[in-house]
>>> print(open('start-v2.cif').read())   # mmCIF, C-alpha atoms
data_entry
#
loop_
_atom_site.label_atom_id
_atom_site.label_comp_id
_atom_site.auth_asym_id
_atom_site.auth_seq_id
_atom_site.Cartn_x
_atom_site.Cartn_y
_atom_site.Cartn_z
CA MET T 1 53.51 136.35 -57.51
CA VAL T 2 55.14 138.28 -54.65
CA LYS T 3 52.74 139.56 -52.00
CA ARG T 4 53.90 142.91 -50.57
CA ILE T 5 52.75 143.78 -47.05
CA ASN T 6 53.28 146.39 -44.37
CA LEU T 7 53.88 145.39 -40.75
CA ALA T 8 52.56 147.20 -37.67
CA LEU T 9 54.44 145.95 -34.59
CA GLN T 10 53.03 146.64 -31.15
CA GLY T 11 55.05 147.33 -28.04
CA GLY T 12 54.71 145.25 -24.90
CA GLY T 13 58.07 144.87 -23.22
CA ALA T 14 59.57 141.39 -23.18
CA HIS T 15 56.37 140.06 -24.78
CA GLY T 16 57.86 141.47 -27.98
CA ALA T 17 59.59 138.10 -28.27
CA PHE T 18 56.23 136.91 -29.68
CA THR T 19 56.84 139.27 -32.62
CA TRP T 20 60.34 137.80 -32.97
CA GLY T 21 58.67 134.46 -33.67
CA VAL T 22 56.15 135.98 -36.09
CA LEU T 23 58.90 137.67 -38.11
CA ASP T 24 61.01 134.51 -38.05
CA ARG T 25 58.11 132.59 -39.62
CA LEU T 26 57.34 135.27 -42.21
CA LEU T 27 60.96 135.11 -43.35
CA ASP T 28 60.31 131.52 -44.47
CA GLU T 29 57.88 132.81 -47.13
CA GLU T 30 59.94 133.72 -50.19
CA ASP T 31 56.87 135.19 -51.91
CA VAL T 32 56.02 137.58 -49.05
CA GLU T 33 57.91 140.89 -49.09
CA VAL T 34 57.82 143.42 -46.24
CA ALA T 35 57.61 146.90 -47.76
CA ALA T 36 57.36 148.97 -44.58
CA ILE T 37 57.33 148.58 -40.80
CA THR T 38 55.88 150.85 -38.15
CA GLY T 39 56.82 149.94 -34.59
CA THR T 40 56.60 151.13 -31.01
CA SER T 41 58.78 150.10 -28.07
CA ALA T 42 59.59 146.39 -28.52
CA GLY T 43 58.02 146.72 -31.96
CA ALA T 44 60.55 149.41 -32.82
CA LEU T 45 63.42 147.17 -31.67
CA ASN T 46 62.09 144.27 -33.73
CA GLY T 47 61.59 146.51 -36.73
CA ALA T 48 65.11 147.93 -36.48
CA ALA T 49 66.64 144.45 -36.17
CA PHE T 50 64.59 143.19 -39.13
CA LYS T 51 65.53 146.08 -41.41
CA SER T 52 69.22 146.08 -40.44
CA GLY T 53 69.46 142.37 -41.17
CA MET T 54 67.59 142.63 -44.48
CA VAL T 55 69.95 145.36 -45.69
CA HIS T 56 72.99 143.40 -44.51
CA ASN T 57 72.16 139.93 -45.85
CA ARG T 58 68.52 139.69 -46.89
CA ARG T 59 66.42 137.04 -45.12
CA ASP T 60 69.31 135.22 -43.46
CA GLY T 61 70.59 138.55 -42.19
CA ALA T 62 67.19 139.52 -40.79
CA ARG T 63 66.84 136.22 -38.96
CA ALA T 64 70.36 136.52 -37.50
CA SER T 65 69.77 140.14 -36.49
CA LEU T 66 66.54 139.28 -34.66
CA ASP T 67 68.23 136.35 -32.91
CA GLY T 68 71.04 138.69 -31.86
CA LEU T 69 68.60 141.26 -30.48
CA TRP T 70 66.78 138.77 -28.28
CA THR T 71 70.03 137.16 -27.21
CA ARG T 72 71.01 140.57 -25.88
CA MET T 73 67.60 140.96 -24.30
CA GLY T 74 68.16 137.78 -22.33
CA ALA T 75 66.90 135.01 -24.63
CA VAL T 76 70.19 133.11 -24.41
CA GLY T 77 72.17 133.54 -21.24
CA ASP T 78 73.11 131.71 -18.09
CA MET T 79 70.19 129.29 -17.85
CA ARG T 80 71.35 127.56 -14.67
CA LEU T 81 68.93 129.52 -12.50
CA ALA T 82 66.05 129.14 -14.94
CA ASN T 83 66.29 125.48 -15.96
CA TRP T 84 63.68 124.44 -13.41
CA MET T 85 61.12 126.53 -15.31
CA GLN T 86 61.53 124.61 -18.56
CA SER T 87 58.80 122.11 -17.69
CA LEU T 88 56.32 124.74 -16.49
CA GLU T 89 53.51 126.27 -18.50
CA PRO T 90 53.67 130.04 -19.23
CA ALA T 91 50.87 130.78 -16.74
CA GLN T 92 52.77 128.96 -13.97
CA ILE T 93 55.97 130.85 -14.73
CA ALA T 94 54.09 134.16 -14.82
CA GLN T 95 52.53 133.51 -11.43
CA ALA T 96 55.84 132.41 -9.91
CA MET T 97 57.54 135.56 -11.16
CA GLU T 98 54.73 137.93 -10.20
CA TYR T 99 54.62 136.70 -6.61
CA SER T 100 58.37 136.41 -6.15
CA LEU T 101 59.98 138.68 -3.55
CA PRO T 102 62.50 140.32 -5.96
CA PHE T 103 59.75 141.28 -8.43
CA SER T 104 57.42 142.55 -5.69
CA VAL T 105 60.16 144.71 -4.19
CA GLY T 106 61.24 146.02 -7.59
CA ASP T 107 57.66 146.80 -8.59
CA ALA T 108 56.99 148.69 -5.36
CA TRP T 109 60.28 150.56 -5.72
CA SER T 110 59.41 151.72 -9.25
CA ARG T 111 56.12 153.19 -7.97
CA LEU T 112 57.74 155.05 -5.07
CA VAL T 113 61.04 156.23 -6.52
CA SER T 114 61.45 158.40 -9.61
CA PRO T 115 64.05 157.28 -12.18
CA TYR T 116 65.54 160.75 -11.73
CA ALA T 117 66.45 159.91 -8.12
CA TYR T 118 69.48 157.93 -9.29
CA GLY T 119 71.32 161.08 -10.36
CA PRO T 120 74.67 160.44 -12.06
CA PHE T 121 74.32 156.68 -11.47
CA TYR T 122 71.36 156.39 -13.86
CA ARG T 123 71.74 154.56 -17.15
CA ASN T 124 68.98 153.23 -19.37
CA PRO T 125 69.40 149.42 -19.26
CA LEU T 126 68.27 149.13 -22.90
CA GLU T 127 71.02 151.43 -24.15
CA PRO T 128 73.74 148.76 -24.57
CA VAL T 129 71.19 146.57 -26.39
CA VAL T 130 70.22 149.30 -28.86
CA ASP T 131 73.79 150.58 -29.29
CA ARG T 132 74.68 147.28 -30.96
CA PHE T 133 72.46 148.09 -33.96
CA ASN T 134 74.07 149.17 -37.23
CA PHE T 135 72.32 152.48 -37.88
CA ASP T 136 73.85 152.86 -41.35
CA GLU T 137 71.76 149.83 -42.27
CA ILE T 138 68.69 150.92 -40.30
CA CYS T 139 68.68 154.37 -41.95
CA ALA T 140 69.51 153.08 -45.44
CA ASP T 141 67.24 153.87 -48.39
CA GLU T 142 67.13 150.19 -49.34
CA GLY T 143 65.12 147.58 -47.53
CA PRO T 144 61.71 148.15 -45.91
CA GLN T 145 60.79 151.65 -44.82
CA LEU T 146 60.92 151.93 -41.02
CA PHE T 147 58.88 154.20 -38.76
CA VAL T 148 59.53 154.49 -35.00
CA CYS T 149 56.85 156.00 -32.73
CA ALA T 150 57.40 158.03 -29.53
CA THR T 151 55.30 160.43 -27.42
CA CYS T 152 56.31 164.05 -26.84
CA VAL T 153 56.02 164.74 -23.10
CA ARG T 154 55.38 168.47 -23.50
CA SER T 155 52.67 168.34 -26.17
CA GLY T 156 51.31 164.82 -25.69
CA LYS T 157 51.54 164.33 -29.47
CA ILE T 158 53.06 161.46 -31.37
CA ARG T 159 56.37 161.83 -33.17
CA VAL T 160 57.29 159.35 -35.88
CA PHE T 161 61.00 158.99 -36.59
CA THR T 162 62.08 157.71 -40.00
CA GLY T 163 65.13 157.67 -42.24
CA ASP T 164 68.15 159.46 -40.78
CA GLU T 165 66.09 160.50 -37.73
CA ILE T 166 66.25 156.97 -36.34
CA SER T 167 69.00 156.64 -33.75
CA THR T 168 69.74 154.95 -30.44
CA ASP T 169 67.89 157.79 -28.69
CA ALA T 170 64.85 157.51 -30.99
CA ILE T 171 64.45 153.79 -30.24
CA LEU T 172 65.06 154.34 -26.51
CA ALA T 173 62.43 157.09 -26.56
CA SER T 174 59.94 154.73 -28.20
CA ALA T 175 60.47 152.25 -25.34
CA CYS T 176 60.64 154.77 -22.47
CA LEU T 177 58.16 153.83 -19.74
CA PRO T 178 58.17 156.93 -17.49
CA ASN T 179 58.05 155.08 -14.17
CA LEU T 180 61.13 153.04 -15.14
CA PHE T 181 63.27 155.27 -17.38
CA GLN T 182 64.15 158.93 -17.58
CA ALA T 183 62.59 160.73 -20.56
CA VAL T 184 64.82 160.73 -23.65
CA GLU T 185 65.66 164.18 -25.01
CA ILE T 186 65.92 164.67 -28.79
CA PHE T 187 65.97 167.84 -30.90
CA ASP T 188 62.78 168.41 -32.90
CA PRO T 189 63.32 170.52 -36.04
CA LYS T 190 59.59 171.29 -36.25
CA SER T 191 59.40 172.92 -32.82
CA GLY T 192 62.98 174.16 -32.95
CA ARG T 193 63.67 172.88 -29.45
CA THR T 194 64.89 169.81 -27.64
CA GLU T 195 61.89 167.74 -26.57
CA ALA T 196 61.54 165.00 -23.97
CA TYR T 197 59.93 161.75 -25.12
CA TRP T 198 58.16 158.83 -23.49
CA ASP T 199 56.94 155.48 -24.80
CA GLY T 200 55.16 155.70 -28.14
CA GLY T 201 52.41 153.38 -26.93
CA TYR T 202 50.55 156.28 -25.33
CA THR T 203 49.85 157.88 -28.72
CA GLY T 204 50.41 155.11 -31.27
CA ASN T 205 50.89 151.43 -30.56
CA PRO T 206 51.89 151.54 -33.30
CA ALA T 207 50.86 154.45 -35.53
CA LEU T 208 49.31 153.13 -38.74
CA TYR T 209 49.09 156.34 -40.77
CA PRO T 210 52.73 156.26 -41.98
CA LEU T 211 51.76 153.12 -43.90
CA PHE T 212 49.14 154.92 -45.99
CA ASN T 213 51.63 156.39 -48.49
CA ALA T 214 50.71 155.78 -52.13
CA ASP T 215 53.94 153.87 -52.82
CA LEU T 216 53.17 151.25 -50.15
CA PRO T 217 50.90 148.19 -50.49
CA ASP T 218 47.33 148.10 -49.18
CA ASP T 219 47.86 145.26 -46.70
CA VAL T 220 48.67 146.12 -43.08
CA VAL T 221 49.49 143.11 -40.89
CA ILE T 222 49.25 144.07 -37.21
CA VAL T 223 51.22 141.93 -34.77
CA ASN T 224 49.24 142.39 -31.58
CA ILE T 225 50.85 141.52 -28.26
CA ASN T 226 48.50 143.37 -25.88
CA PRO T 227 45.33 141.30 -25.40
CA LEU T 228 42.25 143.09 -26.65
CA GLU T 229 40.03 141.42 -24.04
CA ARG T 230 40.47 139.92 -20.57
CA ASP T 231 37.52 138.01 -19.15
CA GLU T 232 38.73 138.08 -15.55
CA VAL T 233 38.57 141.28 -13.52
CA PRO T 234 42.11 142.22 -12.35
CA LYS T 235 42.37 142.29 -8.57
CA THR T 236 45.98 142.66 -7.45
CA PRO T 237 47.66 146.07 -7.78
CA GLN T 238 49.99 144.66 -10.47
CA GLN T 239 47.10 143.16 -12.44
CA ILE T 240 45.09 146.39 -12.25
CA GLN T 241 48.00 148.52 -13.42
CA ASN T 242 48.80 146.05 -16.19
CA ARG T 243 45.23 146.14 -17.52
CA ILE T 244 45.19 149.94 -17.37
CA ASN T 245 48.33 149.96 -19.51
CA GLU T 246 46.89 147.42 -21.95
CA ILE T 247 43.72 149.47 -22.42
CA SER T 248 45.57 152.77 -22.85
CA PHE T 249 48.14 151.23 -25.22
CA ASN T 250 45.40 149.60 -27.33
CA SER T 251 43.21 152.71 -27.45
CA SER T 252 45.37 154.56 -29.98
CA LEU T 253 45.34 151.53 -32.28
CA PHE T 254 41.56 151.22 -31.91
CA ARG T 255 41.11 154.87 -32.89
CA GLU T 256 42.98 154.37 -36.15
CA LEU T 257 41.20 151.09 -36.90
CA ARG T 258 37.84 152.76 -36.27
CA ALA T 259 38.78 155.55 -38.72
CA ILE T 260 39.82 152.94 -41.29
CA SER T 261 36.50 151.14 -40.81
CA PHE T 262 34.61 154.40 -41.33
CA VAL T 263 36.46 155.23 -44.55
CA GLN T 264 36.00 151.69 -45.89
CA ARG T 265 32.26 151.95 -45.25
CA LEU T 266 32.07 155.27 -47.12
CA LEU T 267 33.95 153.72 -50.05
CA ALA T 268 31.63 150.70 -50.08
CA GLU T 269 28.56 152.96 -50.03
CA GLY T 270 29.92 155.09 -52.86
CA LYS T 271 30.06 158.21 -50.71
CA LEU T 272 33.78 158.44 -51.46
CA LYS T 273 35.23 157.84 -54.89
CA ALA T 274 37.89 155.17 -55.31
CA GLY T 275 41.26 156.90 -55.29
CA GLU T 276 40.18 159.73 -52.98
CA MET T 277 41.18 157.68 -49.94
CA ASN T 278 43.46 154.69 -49.58
CA ARG T 279 42.07 151.18 -49.57
CA VAL T 280 43.48 149.52 -46.44
CA LEU T 281 43.35 145.76 -45.98
CA VAL T 282 43.73 144.94 -42.30
CA HIS T 283 45.08 141.67 -40.91
CA MET T 284 46.10 140.68 -37.39
CA ILE T 285 48.41 138.06 -35.91
CA ALA T 286 47.87 137.51 -32.20
CA ASP T 287 47.55 134.93 -29.44
CA ASP T 288 45.27 136.50 -26.85
CA GLU T 289 44.86 133.17 -25.03
CA LEU T 290 48.59 133.04 -24.30
CA MET T 291 48.86 136.75 -23.45
CA ASN T 292 46.01 136.37 -20.96
CA GLU T 293 48.06 133.72 -19.17
CA LEU T 294 51.07 136.02 -18.82
CA SER T 295 51.46 139.04 -16.55
CA VAL T 296 53.20 142.33 -15.98
CA ALA T 297 56.13 140.34 -14.54
CA THR T 298 56.78 138.46 -17.78
CA LYS T 299 56.41 141.76 -19.65
CA THR T 300 59.01 143.66 -17.60
CA VAL T 301 61.48 140.86 -16.82
CA PRO T 302 63.01 139.18 -19.92
CA ASN T 303 63.02 135.64 -18.56
CA PRO T 304 64.88 133.37 -21.03
CA VAL T 305 62.38 130.51 -20.81
CA ILE T 306 59.39 132.80 -21.43
CA LEU T 307 61.16 134.53 -24.32
CA HIS T 308 61.67 131.23 -26.13
CA LYS T 309 58.09 130.13 -25.43
CA LEU T 310 56.88 133.46 -26.81
CA LYS T 311 59.01 133.04 -29.93
CA ASP T 312 57.56 129.56 -30.50
CA ALA T 313 54.05 130.93 -29.96
CA GLY T 314 54.71 133.74 -32.45
CA ARG T 315 55.90 131.29 -35.09
CA ALA T 316 52.82 129.13 -34.52
CA ALA T 317 50.45 132.12 -34.74
CA ALA T 318 52.08 133.33 -37.96
CA ASP T 319 51.89 129.81 -39.38
CA ARG T 320 48.14 129.68 -38.65
CA PHE T 321 47.66 133.10 -40.23
CA LEU T 322 49.51 132.11 -43.39
CA SER T 323 47.67 128.79 -43.67
CA GLU T 324 44.27 130.45 -43.33
CA ASN T 325 44.77 133.88 -44.88
CA LYS T 326 47.79 134.03 -47.19
CA ASP T 327 45.59 133.92 -50.29
CA ASP T 328 43.66 136.93 -48.94
CA LEU T 329 46.73 139.19 -48.96
CA GLY T 330 46.25 141.80 -51.64
CA ALA T 331 42.57 140.89 -52.02
CA ARG T 332 40.59 141.47 -48.82
CA SER T 333 40.83 142.26 -45.10
CA THR T 334 40.82 139.32 -42.72
CA VAL T 335 39.86 141.45 -39.70
CA ASN T 336 36.15 142.22 -39.58
CA LEU T 337 36.32 145.85 -38.45
CA PRO T 338 32.55 146.47 -38.32
CA GLU T 339 32.21 143.42 -36.07
CA MET T 340 35.15 144.56 -33.91
CA PHE T 341 33.47 147.91 -33.24
CA GLY T 342 29.88 146.70 -33.30
#
>>> encode(input="start-v2.cif", output="structure tokens")
Amino acid sequence: MVKRINLALQGGGAHGAFTWGVLDRLLDEEDVEVAAITGTSAGALNGAAFKSGMVHNRRDGARASLDGLWTRMGAVGDMRLANWMQSLEPAQIAQAMEYSLPFSVGDAWSRLVSPYAYGPFYRNPLEPVVDRFNFDEICADEGPQLFVCATCVRSGKIRVFTGDEISTDAILASACLPNLFQAVEIFDPKSGRTEAYWDGGYTGNPALYPLFNADLPDDVVIVNINPLERDEVPKTPQQIQNRINEISFNSSLFRELRAISFVQRLLAEGKLKAGEMNRVLVHMIADDELMNELSVATKTVPNPVILHKLKDAGRAAADRFLSENKDDLGARSTVNLPEMFG
């Protein structure tokens, strides 16, 4: 029996390579079908690559498309300067990168200089990566439904792009960190004006509500790449800013999960009739232990060694999830929401 699921893919810069590994492992399961994907930032890129590949050549196409995306992001390149890192643990690489002079200078520069200061010399570095996507495939009616989340700068509200709305600009908007990139301007038919957009993580990382349509399955598998908890208090400016971003980017997800928990409790208590609200079965694939070892440097700089380690970690996390919880898909949640918010 085929188990149909929805995927919710978080953003988190180069740490999105963890999701690459998760998706690569899920593609091994012939009896697991992805019905819909909602994604923000790196999650939107992964979702676009997955859908494009599925439309082009099913599972083999999806795997090749994801490999191509992360090759362009730096997963396979000139390794001569990075070979010495192969024997290091992720935490050692993260520390080496965070305290390196080039990263420190670049980080300070991004805090002092607006991306608008570059004038006509500015170009979003992700643009050539995203331009390589086949948008006829991404916007096709076949394959999993795809939802891309961005934040409207003017209103502070989320905008979810789907179908023919998804474009290079929509994906760039979803991944637009305002201290690094200029806001992406896209026409909004609802407001009747061209709006500027920033990273979708501020309002939905990712948004779950597009997955509540009646034609979609109950199961939502969240691929979480921002650690929910950090035991150590951040002390350096980079660590403090990174934790602020993690908390703010997780807060929108927590709000939706709390609402789901509330509705599920009302259904269980009989205060809502079955059918009045959707039954949502929540699952999560994550590796908080690994993500706690990494840093803002490994998130913003796509180091080839780290990307491959993240992919391997994603495959391992998905393998654990499937071994422990595959039989629960379609039957029950594997995330204890009352405990999470208790």
>>> residues_around(input="start-v2.cif", residues="Leu66 of chain T", least_positions_apart="5", cutoff="7 Å", atoms="only C-alpha atoms", output="PyMOL selection string")
chain T and resi 20+46+49-50
>>> resolve_selection(input="start-v2.cif", expression="the PyMOL selection byres ((chain T and resi 194-201) around 10)", output="ChimeraX atom specification")
/T:10-12,39-41,44,148-160,169-178,181-189,191-193,202-207,245-246,248-253
>>> resolve_selection(input="start-v2.cif", expression="the PyMOL selection byres ((chain T and resi 216) around 9)", output="PDB file with C-alpha atoms, in the frame of the given file")
ATOM      1  CA  ARG T   4      53.900 142.910 -50.570  1.00  0.00           C
ATOM      2  CA  ILE T   5      52.750 143.780 -47.050  1.00  0.00           C
ATOM      3  CA  ASN T   6      53.280 146.390 -44.370  1.00  0.00           C
ATOM      4  CA  ALA T  35      57.610 146.900 -47.760  1.00  0.00           C
ATOM      5  CA  ALA T  36      57.360 148.970 -44.580  1.00  0.00           C
ATOM      6  CA  LEU T 211      51.760 153.120 -43.900  1.00  0.00           C
ATOM      7  CA  PHE T 212      49.140 154.920 -45.990  1.00  0.00           C
ATOM      8  CA  ASN T 213      51.630 156.390 -48.490  1.00  0.00           C
ATOM      9  CA  ALA T 214      50.710 155.780 -52.130  1.00  0.00           C
ATOM     10  CA  ASP T 215      53.940 153.870 -52.820  1.00  0.00           C
ATOM     11  CA  PRO T 217      50.900 148.190 -50.490  1.00  0.00           C
ATOM     12  CA  ASP T 218      47.330 148.100 -49.180  1.00  0.00           C
ATOM     13  CA  ASP T 219      47.860 145.260 -46.700  1.00  0.00           C
TER      14      ASP T 219
END
>>> residues_around(input="start-v2.cif", residues="Asp328 of chain T", least_positions_apart="5", cutoff="10 Å", atoms="only C-alpha atoms", output="list in words")
Lys3, Asp219, Leu281, His283, Leu322, Ser333 and Thr334 of chain T
>>> atom_distance(input="start-v2.cif", atom1="atom CA of Arg25 of chain T", atom2="atom CA of Arg315 of chain T")
5.2 Å
>>> resolve_selection(input="start-v2.cif", expression="the PyMOL selection byres ((chain T and resi 141) around 12)", output="ChimeraX atom specification")
/T:35-36,51-52,54-55,135-140,142-146,162-164
>>> closest_residue(input="start-v2.cif", among="T:Ser261, T:Thr19, T:Thr38, T:Asn325", to="Leu208 of chain T", atoms="only C-alpha atoms")
T:Thr38
>>> closest_residue(input="start-v2.cif", among="T:Val130, T:Asn242, T:Ala64, T:Phe321", to="Thr298 of chain T", atoms="only C-alpha atoms")
T:Asn242
>>> closest_residue(input="start-v2.cif", among="T:Leu337, T:Pro128, T:Val296, T:Asp60", to="Pro237 of chain T", atoms="all atoms listed in the file")
T:Val296
>>> residues_around(input="start-v2.cif", residues="Ala318 of chain T", least_positions_apart="6", cutoff="8 Å", atoms="only C-alpha atoms", output="PyMOL selection string")
chain T and resi 21-22+25-26+285
>>> write_last_selection(input="start-v2.cif", atoms="C-alpha atoms", output="short mmCIF file (atom, residue, chain, number, x, y, z; two decimals), in the coordinates of the input")
data_model
loop_
_atom_site.label_atom_id
_atom_site.label_comp_id
_atom_site.auth_asym_id
_atom_site.auth_seq_id
_atom_site.Cartn_x
_atom_site.Cartn_y
_atom_site.Cartn_z
CA GLY T 21 58.67 134.46 -33.67
CA VAL T 22 56.15 135.98 -36.09
CA ARG T 25 58.11 132.59 -39.62
CA LEU T 26 57.34 135.27 -42.21
CA ILE T 285 48.41 138.06 -35.91
#
>>> atom_distance(input="start-v2.cif", atom1="atom CA of Leu272 of chain T", atom2="atom CA of Leu329 of chain T")
23.3 Å
>>> closest_residue(input="start-v2.cif", among="T:Leu228, T:Val233, T:Val282, T:Ala17", to="Val305 of chain T", atoms="all atoms listed in the file")
T:Ala17
>>> closest_residue(input="start-v2.cif", among="T:Val223, T:Asp131, T:Met284, T:Phe161", to="Lys326 of chain T", atoms="all atoms listed in the file")
T:Met284
>>> closest_residue(input="start-v2.cif", among="T:Glu339, T:Arg59, T:Asp288, T:Met73", to="Gly314 of chain T", atoms="only C-alpha atoms")
T:Asp288
>>> axis_aligned_box(input="start-v2.cif", around="segment 130-144 of chain T", padding_each_side="6 Å", output="AutoDock Vina command-line options")
--center_x 68.2 --center_y 150.8 --center_z -39.1 --size_x 25.0 --size_y 19.1 --size_z 32.5
>>> atom_distance(input="start-v2.cif", atom1="atom CA of Trp70 of chain T", atom2="atom CA of Leu23 of chain T")
12.6 Å
>>> residues_around(input="start-v2.cif", residues="Arg63 of chain T", least_positions_apart="5", cutoff="8 Å", atoms="all atoms listed in the file", output="VMD selection string")
chain T and resid 24 27 50 53
>>> residues_near_point(input="start-v2.cif", point="(38.3, 135.7, -18.5)", cutoff="12 Å", atoms="all atoms listed in the file", output="ChimeraX atom specification")
/T:227-234,288-289,291-293
>>> decode(input="start-v2.cif", residues="segment 214-221 of chain T", atoms="all heavy atoms", output="short mmCIF file (atom, residue, chain, number, x, y, z; two decimals), in the first residue's frame")
data_model
loop_
_atom_site.label_atom_id
_atom_site.label_comp_id
_atom_site.auth_asym_id
_atom_site.auth_seq_id
_atom_site.Cartn_x
_atom_site.Cartn_y
_atom_site.Cartn_z
N ALA T 214 -8.20 19.53 1.28
CA ALA T 214 -8.90 18.24 1.44
C ALA T 214 -8.34 17.16 0.52
O ALA T 214 -8.45 15.97 0.83
CB ALA T 214 -10.39 18.44 1.18
N ASP T 215 -7.74 17.56 -0.61
CA ASP T 215 -7.24 16.56 -1.55
C ASP T 215 -5.85 16.05 -1.19
O ASP T 215 -5.30 15.20 -1.89
CB ASP T 215 -7.22 17.14 -2.97
CG ASP T 215 -6.31 18.35 -3.11
OD1 ASP T 215 -6.18 19.11 -2.13
OD2 ASP T 215 -5.73 18.55 -4.20
N LEU T 216 -5.26 16.55 -0.10
CA LEU T 216 -3.92 16.15 0.30
C LEU T 216 -3.99 15.20 1.49
O LEU T 216 -4.95 15.21 2.26
CB LEU T 216 -3.08 17.37 0.66
CG LEU T 216 -2.77 18.31 -0.52
CD1 LEU T 216 -2.01 19.54 -0.03
CD2 LEU T 216 -1.99 17.59 -1.61
N PRO T 217 -2.99 14.36 1.67
CA PRO T 217 -2.99 13.40 2.79
C PRO T 217 -2.86 14.10 4.13
O PRO T 217 -2.54 15.30 4.22
CB PRO T 217 -1.77 12.52 2.50
CG PRO T 217 -0.90 13.32 1.60
CD PRO T 217 -1.81 14.19 0.79
N ASP T 218 -3.11 13.34 5.20
CA ASP T 218 -3.08 13.89 6.55
C ASP T 218 -1.66 14.09 7.07
O ASP T 218 -1.43 14.92 7.95
CB ASP T 218 -3.83 12.97 7.53
CG ASP T 218 -5.31 12.86 7.20
OD1 ASP T 218 -5.87 13.82 6.63
OD2 ASP T 218 -5.91 11.81 7.51
N ASP T 219 -0.72 13.29 6.58
CA ASP T 219 0.63 13.28 7.15
C ASP T 219 1.47 14.46 6.65
O ASP T 219 1.62 14.67 5.44
CB ASP T 219 1.34 11.98 6.79
CG ASP T 219 0.71 10.78 7.47
OD1 ASP T 219 -0.25 10.23 6.90
OD2 ASP T 219 1.16 10.42 8.57
N VAL T 220 2.05 15.20 7.59
CA VAL T 220 2.98 16.28 7.29
C VAL T 220 4.32 15.92 7.92
O VAL T 220 4.44 15.83 9.14
CB VAL T 220 2.49 17.63 7.84
CG1 VAL T 220 3.54 18.72 7.60
CG2 VAL T 220 1.17 18.03 7.20
N VAL T 221 5.33 15.70 7.07
CA VAL T 221 6.67 15.38 7.55
C VAL T 221 7.52 16.64 7.47
O VAL T 221 7.81 17.14 6.37
CB VAL T 221 7.30 14.25 6.71
CG1 VAL T 221 8.71 13.94 7.23
CG2 VAL T 221 6.44 13.00 6.75
#
